[in-house]
Amino acid sequence: MGLDKIGIAKRIAQEVKDGTYINLGIGIPTLVANFIPENINVVLQSENGLLGIGPFPEEEEVDADLINAGKQTVTTTAGSSLFSSSESFEMIRGGHVDLTILGAMEVSENGDIANWKIPGKMVKGMGGAMDLVASADNIIVAMQHCSRSGQSKLLEACSLPITGLNCVKKVVTDMAVLDVLPDGGFKLLERAPGVSVEEIQNATAGKLIVEGEIPEMQIG
Amino acid sequence: MGLDKIGIAKRIAQEVKDGTYINLGIGIPTLVANFIPENINVVLQSENGLLGIGPFPEEEEVDADLINAGKQTVTTTAGSSLFSSSESFEMIRGGHVDLTILGAMEVSENGDIANWKIPGKMVKGMGGAMDLVASADNIIVAMQHCSRSGQSKLLEACSLPITGLNCVKKVVTDMAVLDVLPDGGFKLLERAPGVSVEEIQNATAGKLIVEGEIPEMQIG
Amino acid sequence: MINKVVASPDEAVKDIQDNAILMLGGFGLCGIPEQSIAALLRKGVNGLTCISNNAGVDDFGIGLMLKTRQVKKMISSYVGENAEFERQLLSGELEVDLIPQGTLAERIRAGGAGIPAFFTPAGYGTEVAEGKEVREFNGKMHLLESWLKADFALVKAWKGDTSGNLIFKGTARNFNPMMAMAGKITIAEVEELVEPGELDPNAIHTPGIYVQRIFQGESYEKRIEQRTTKIK
Amino acid sequence: MINKVVASPDEAVKDIQDNAILMLGGFGLCGIPEQSIAALLRKGVNGLTCISNNAGVDDFGIGLMLKTRQVKKMISSYVGENAEFERQLLSGELEVDLIPQGTLAERIRAGGAGIPAFFTPAGYGTEVAEGKEVREFNGKMHLLESWLKADFALVKAWKGDTSGNLIFKGTARNFNPMMAMAGKITIAEVEELVEPGELDPNAIHTPGIYVQRIFQGESYEKRIEQRTTKIK
């Protein structure tokens with residue numbers, strides 16, 4: 001009956017290519033790091049100023065001066081580098097990060113993303129999200145297919161305030177893997193185990209494109 | 001009969017204030033460093049990426065990786081810092097350098113400077129001069145009062161291609177010290193030893209302002 | 001070299017007036033100027049505009065100055081973890097200007113570097129773009145953003161020398177170097193203050209030209225927001 | 001970490017085609033990519049546009065490529081000490097675009113940092129301003145300048161690791177870090193190549209993300225233009 005967060009993270013990990021630099025957002029995206037195969041060499045960027053995020057520290061290694069963008073204590077790895085916030089966004093804005101994985105509240109069929117603000121709720125701010133989505137060439141969104149109240153989060157047009165336009169390339173949800181086509185529309189690539197095309201169709205408010213047989217995700 | 005280059009450099013050294021950061025151009029300005037009193041603490045900036053230029057090296061200290069903007073081998077001092085060219089011009093453009101001392105071919109009575117190009121001659125380029133003159137709040141020009149052919153270099157308007165507009169604050173020549181007034185005009189402050197006001201007047205093509213008794217420079 | 005040492009945080013902040021515009025380094029609680037904030041609390045200056053990526057937590061960092069109502073306006077990218085902040089914002093006591101993090105960093109850097117305005121793609125098509133000049137470059141839309149400067153920048157470094165050269169540690173660097181550049185007066189607090197010549201000139205992160213005052217802080221708390229350790 | 005090591009300068013430059021746009025680090029002869037230049041001479045590629053602060057001297061640096069007529073255009077701030085350069089320029093064989101040094105540095109940095117254009121005061125009122133948009137900020141006139149990018153950036157560092165992290169030495173840093181950012185392919189040559197983990201992460205000048213290829217050069221000449229020593 002669909003994937004859990006771990007399942008979504010595991011599926012996204014399959015999208016990660018050897019020899020690339022990756023920025024992982026807070027939440028499910030952060031989990032992706034745990035499932036990247038050992039034979040794949042990637043470097044994780046943290047927008048607060050670290051390239052080469054290592055694992056969480058041992059209790060005795062904890063260093064208040066070494067955190068990730070989610071403010072969690074982390075470590076460096078062999079080959080890490082540290083830099084300022086402006087240098088960090090030089091990398092991001094300059095298109096040097098190969099893959100960006102983000103959570104979202106809504107994605108539209110033309111690749112718009114909304115993930116920073118809900119009208120009527122306390123606004124916490126966009127952090128680095130607007131820079132990331134405006135700059136990255138390859139953005140994968142990790143999210144639930146529907147909200148808790150059952151509303152589709154894959155829409156014709158976002159209803160929430162936009163974070164960026166025409167930027168999402170792929171969406172991985174608890175139900176499906178979908179490409180956002182350059183001309184608009186969610187192209188269904190894979191179904192979660194036990195989820196039917198019809199269920200995905202019913203849960204997708206934006207234009208869904210289904211061509212041929214849709215395989216089931218292979219998650220190890 | 002007027003100052004030599006050393007004399008000009010010595011007189012400019014009197015303008016240097018304690019606790020300041022200074023950029024010295026090539027030529028006479030470079031000589032100024034030799035005459036800054038020992039009780040005056042200043043830091044010299046070299047636009048190729050060094051703050052805190054030390055003296056020329058001993059023969060055995062020479063390091064090809066440590067030069068000034070004139071491409072001469074130099075040393076660092078205790079408290080020096082090294083940085084890239086973009087960081088160097090952040091300092092300059094951001095107005096963090098307190099005093100800039102430059103050579104010039106012409107200065108106009110409204111503070112324009114020409115020091116990079118002579119029509120008909122091979123153009124070598126402006127280097128950092130245009131950035132320096134456009135950014136610095138306090139620019140002193142060190143130059144001969146007249147060209148070798150006897151033409152005044154203090155003009156109503158520059159005849160050579162401009163390096164920057166309304167930027168020179170003071171001019172020290174072999175004959176005189178002059179302020180460039182905000183509303184235009186060279187205000188005569190001091191005469192070189194043995195040089196008369198009349199001689200200065202005759203050598204100054206731009207508007208010269210002479211008020212009261214003009215003292216002779218005191219050069220140690 | 002020029003000696004920039006002041007005796008205490010209180011001396012360092014003594015001429016910060018009501019309604020001053022401040023920049024404060026740090027990302028979350030990492031690399032914040034703890035001691036200068038404490039001195040501002042003791043001084044009791046009011047009506048401050050604080051440019052800082054975050055706003056601290058209820059009982060640490062800028063959160064302490066929010067509690068004492070010393071802050072009139074925050075300019076930040078993310079102001080999450082702070083209940084008092086939320087209360088003041090909703091009641092209209094506090095103004096907030098939210099800016100994308102990379103744009104915030106670049107605007108501060110531009111302020112220090114003498115670049116009055118630049119184009120960036122971040123925020124195009126969003127409410128951040130409202131009222132801003134839009135221009136297309138290479139088929140992509142960009143916003144014109146202007147520099148940010150401050151009357152005082154309060155930064156925190158790991159090591160510094162008496163002439164103001166600074167070295168940061170780990171991700172505590174974050175916004176500190178750009179803010180040091182963009183403050184009319186930059187006040188640096190360091191964990192270890194040394195003599196000129198003791199720091200490698202090739203390893204300086206912030207050259208002393210950007211620092212007007214420096215002091216060595218005592219007993220840094222360096223609070224951790226999310227202590228996360230390896231799962232055994 | 002990602003391994004970027006190539007076996008030789010010749011392998012590093014093997015796909016640089018005729019008419020490519022290159023950036024070459026260095027100020028004067030200090031910090032220039034000697035080995036990559038030598039490889040380009042051996043390769044014999046032609047019609048190059050070279051973005052470099054200077055143009056070398058007659059028998060060293062970019063001057064060597066001028067002699068072999070491999071350069072079509074120079075984009076520089078100062079092209080002084082080079083007789084062959086002067087000859088080609090006056091005869092019209094070589095195009096030259098002269099840019100103020102700070103603007104050149106900032107345009108390259110902008111190319112790497114995704115800033116398509118910015119305003120700078122340098123050059124206002126001069127012939128550099130011809131054809132450029134002018135705008136007043138805070139009572140001062142500024143020019144709009146655009147980013148610079150290159151097909152290949154050739155940089156020279158002191159130490160580097162196999163994943164492309166670089167540390168420069170002394171004033172040999174100069175234009176190298178920004179060029180590393182602005183090259184589609186950045187080729188770094190280093191005097192000492194080490195394993196990841198051997199360089200202090202806090203002391204890296206150019207993070208490895210900017211470097212696509214790295215090799216250790218052999219026997220650097222590092223020629224000095226103005227050997228100036230203390231007068232005894």
# chains A, B, ... in the order shown; residues from 1 in each chain; ligands from 1

call {"tool": "residues_around", "arguments": {"residues": "Asp18 of chain B", "least_positions_apart": "2", "cutoff": "10 Å", "atoms": "only C-alpha atoms", "output": "list in words"}}
result
Glu15, Val16, Thr20, Tyr21, Ile36, Pro37, Asn39, Ile40, Asn41, Val42 and Val43 of chain B; Ile2 of chain C

call {"tool": "closest_atom_pairs", "arguments": {"of": "chain A", "to": "chain D", "cutoff": "9 Å", "atoms": "only C-alpha atoms", "output": "Markdown table"}}
result
| residue | atom | partner | partner_atom | distance |
| --- | --- | --- | --- | --- |
| A:Asp18 | CA | D:Ile2 | CA | 8.3 |
| A:Gly19 | CA | D:Ile2 | CA | 5.4 |
| A:Thr20 | CA | D:Ile2 | CA | 7.8 |
| A:Tyr21 | CA | D:Ile209 | CA | 7.2 |
| A:Asn41 | CA | D:Met1 | CA | 6.0 |
| A:Val42 | CA | D:Met1 | CA | 6.4 |
| A:Val43 | CA | D:Met1 | CA | 6.3 |
| A:Leu51 | CA | D:Pro207 | CA | 7.6 |
| A:Gly52 | CA | D:Met1 | CA | 7.9 |
| A:Thr76 | CA | D:Pro201 | CA | 8.2 |
| A:Thr77 | CA | D:Gly197 | CA | 7.3 |
| A:Ala78 | CA | D:Gly197 | CA | 3.9 |
| A:Gly79 | CA | D:Pro196 | CA | 4.2 |
| A:Ser80 | CA | D:Pro201 | CA | 5.4 |
| A:Ser81 | CA | D:Pro201 | CA | 4.2 |
| A:Leu82 | CA | D:Asn202 | CA | 5.3 |
| A:Phe83 | CA | D:Asn202 | CA | 7.6 |
| A:Glu87 | CA | D:Ala113 | CA | 8.1 |
| A:Phe89 | CA | D:Ala113 | CA | 7.4 |
| A:Glu90 | CA | D:Ala113 | CA | 4.0 |
| A:Met91 | CA | D:Ala113 | CA | 6.3 |
| A:Ile92 | CA | D:Ala113 | CA | 7.8 |
| A:Arg93 | CA | D:Gly114 | CA | 4.9 |
| A:Gly94 | CA | D:Gly114 | CA | 3.8 |
| A:Gly95 | CA | D:Gly114 | CA | 7.0 |
| A:His96 | CA | D:Ile209 | CA | 6.8 |
| A:Val97 | CA | D:Ile209 | CA | 7.8 |
| A:Ser135 | CA | D:Gly114 | CA | 8.0 |

call {"tool": "select_by_dssp", "arguments": {"residues": "segment 35-202 of chain C", "states": "helix (DSSP H, G or I)", "output": "ChimeraX atom specification"}}
result
/C:35-43,62-67,83-90,101-113,127-129,170-172,176-182,201-202

call {"tool": "closest_residue", "arguments": {"among": "D:Cys50, D:Leu64, D:Ala172, D:Leu193", "to": "chain C", "atoms": "only C-alpha atoms"}}
result
D:Ala172

call {"tool": "closest_residue", "arguments": {"among": "B:Gly111, B:Gly212, B:Gly27, B:Gly150", "to": "Leu165 of chain B", "atoms": "only C-alpha atoms"}}
result
B:Gly111

call {"tool": "residues_around", "arguments": {"residues": "Val141 of chain A", "least_positions_apart": "3", "cutoff": "9 Å", "atoms": "only C-alpha atoms", "output": "ChimeraX atom specification"}}
result
/A:29,100-104,107,113,168-173

call {"tool": "residues_around", "arguments": {"residues": "Pro119 of chain A", "least_positions_apart": "3", "cutoff": "12 Å", "atoms": "only C-alpha atoms", "output": "list in words"}}
result
Ala114, Asn115, Trp116, Met122, Val123, Lys124, Ser159, Leu160, Pro161 and Ile162 of chain A

call {"tool": "write_last_selection", "arguments": {"atoms": "N, CA and C atoms", "output": "CSV table (one decimal), in the first residue's frame"}}
result
chain,number,residue,atom,x,y,z
A,114,ALA,N,6.0,24.4,-4.7
A,114,ALA,CA,5.6,25.2,-3.6
A,114,ALA,C,6.1,24.5,-2.3
A,115,ASN,N,7.0,25.0,-1.6
A,115,ASN,CA,7.4,24.3,-0.4
A,115,ASN,C,7.9,25.2,0.7
A,116,TRP,N,7.4,26.5,0.8
A,116,TRP,CA,7.9,27.3,1.8
A,116,TRP,C,6.9,28.0,2.7
A,122,MET,N,2.1,30.5,10.5
A,122,MET,CA,3.4,31.3,10.7
A,122,MET,C,4.4,31.0,9.6
A,123,VAL,N,4.9,32.1,9.0
A,123,VAL,CA,5.9,31.9,7.9
A,123,VAL,C,7.3,31.8,8.5
A,124,LYS,N,7.9,30.7,8.3
A,124,LYS,CA,9.3,30.5,8.9
A,124,LYS,C,10.4,31.1,7.9
A,159,SER,N,-1.4,25.8,-5.7
A,159,SER,CA,-2.3,26.7,-5.0
A,159,SER,C,-1.6,27.5,-3.9
A,160,LEU,N,-0.5,27.0,-3.4
A,160,LEU,CA,0.3,27.6,-2.4
A,160,LEU,C,1.3,28.6,-3.0
A,161,PRO,N,1.8,29.5,-2.2
A,161,PRO,CA,2.8,30.4,-2.8
A,161,PRO,C,4.0,29.7,-3.3
A,162,ILE,N,4.4,30.1,-4.5
A,162,ILE,CA,5.4,29.4,-5.3
A,162,ILE,C,6.8,29.6,-4.7

call {"tool": "closest_residue", "arguments": {"among": "B:Gly70, B:Ala157, B:Arg11, B:Glu60", "to": "Glu81 of chain D", "atoms": "only C-alpha atoms"}}
result
B:Gly70
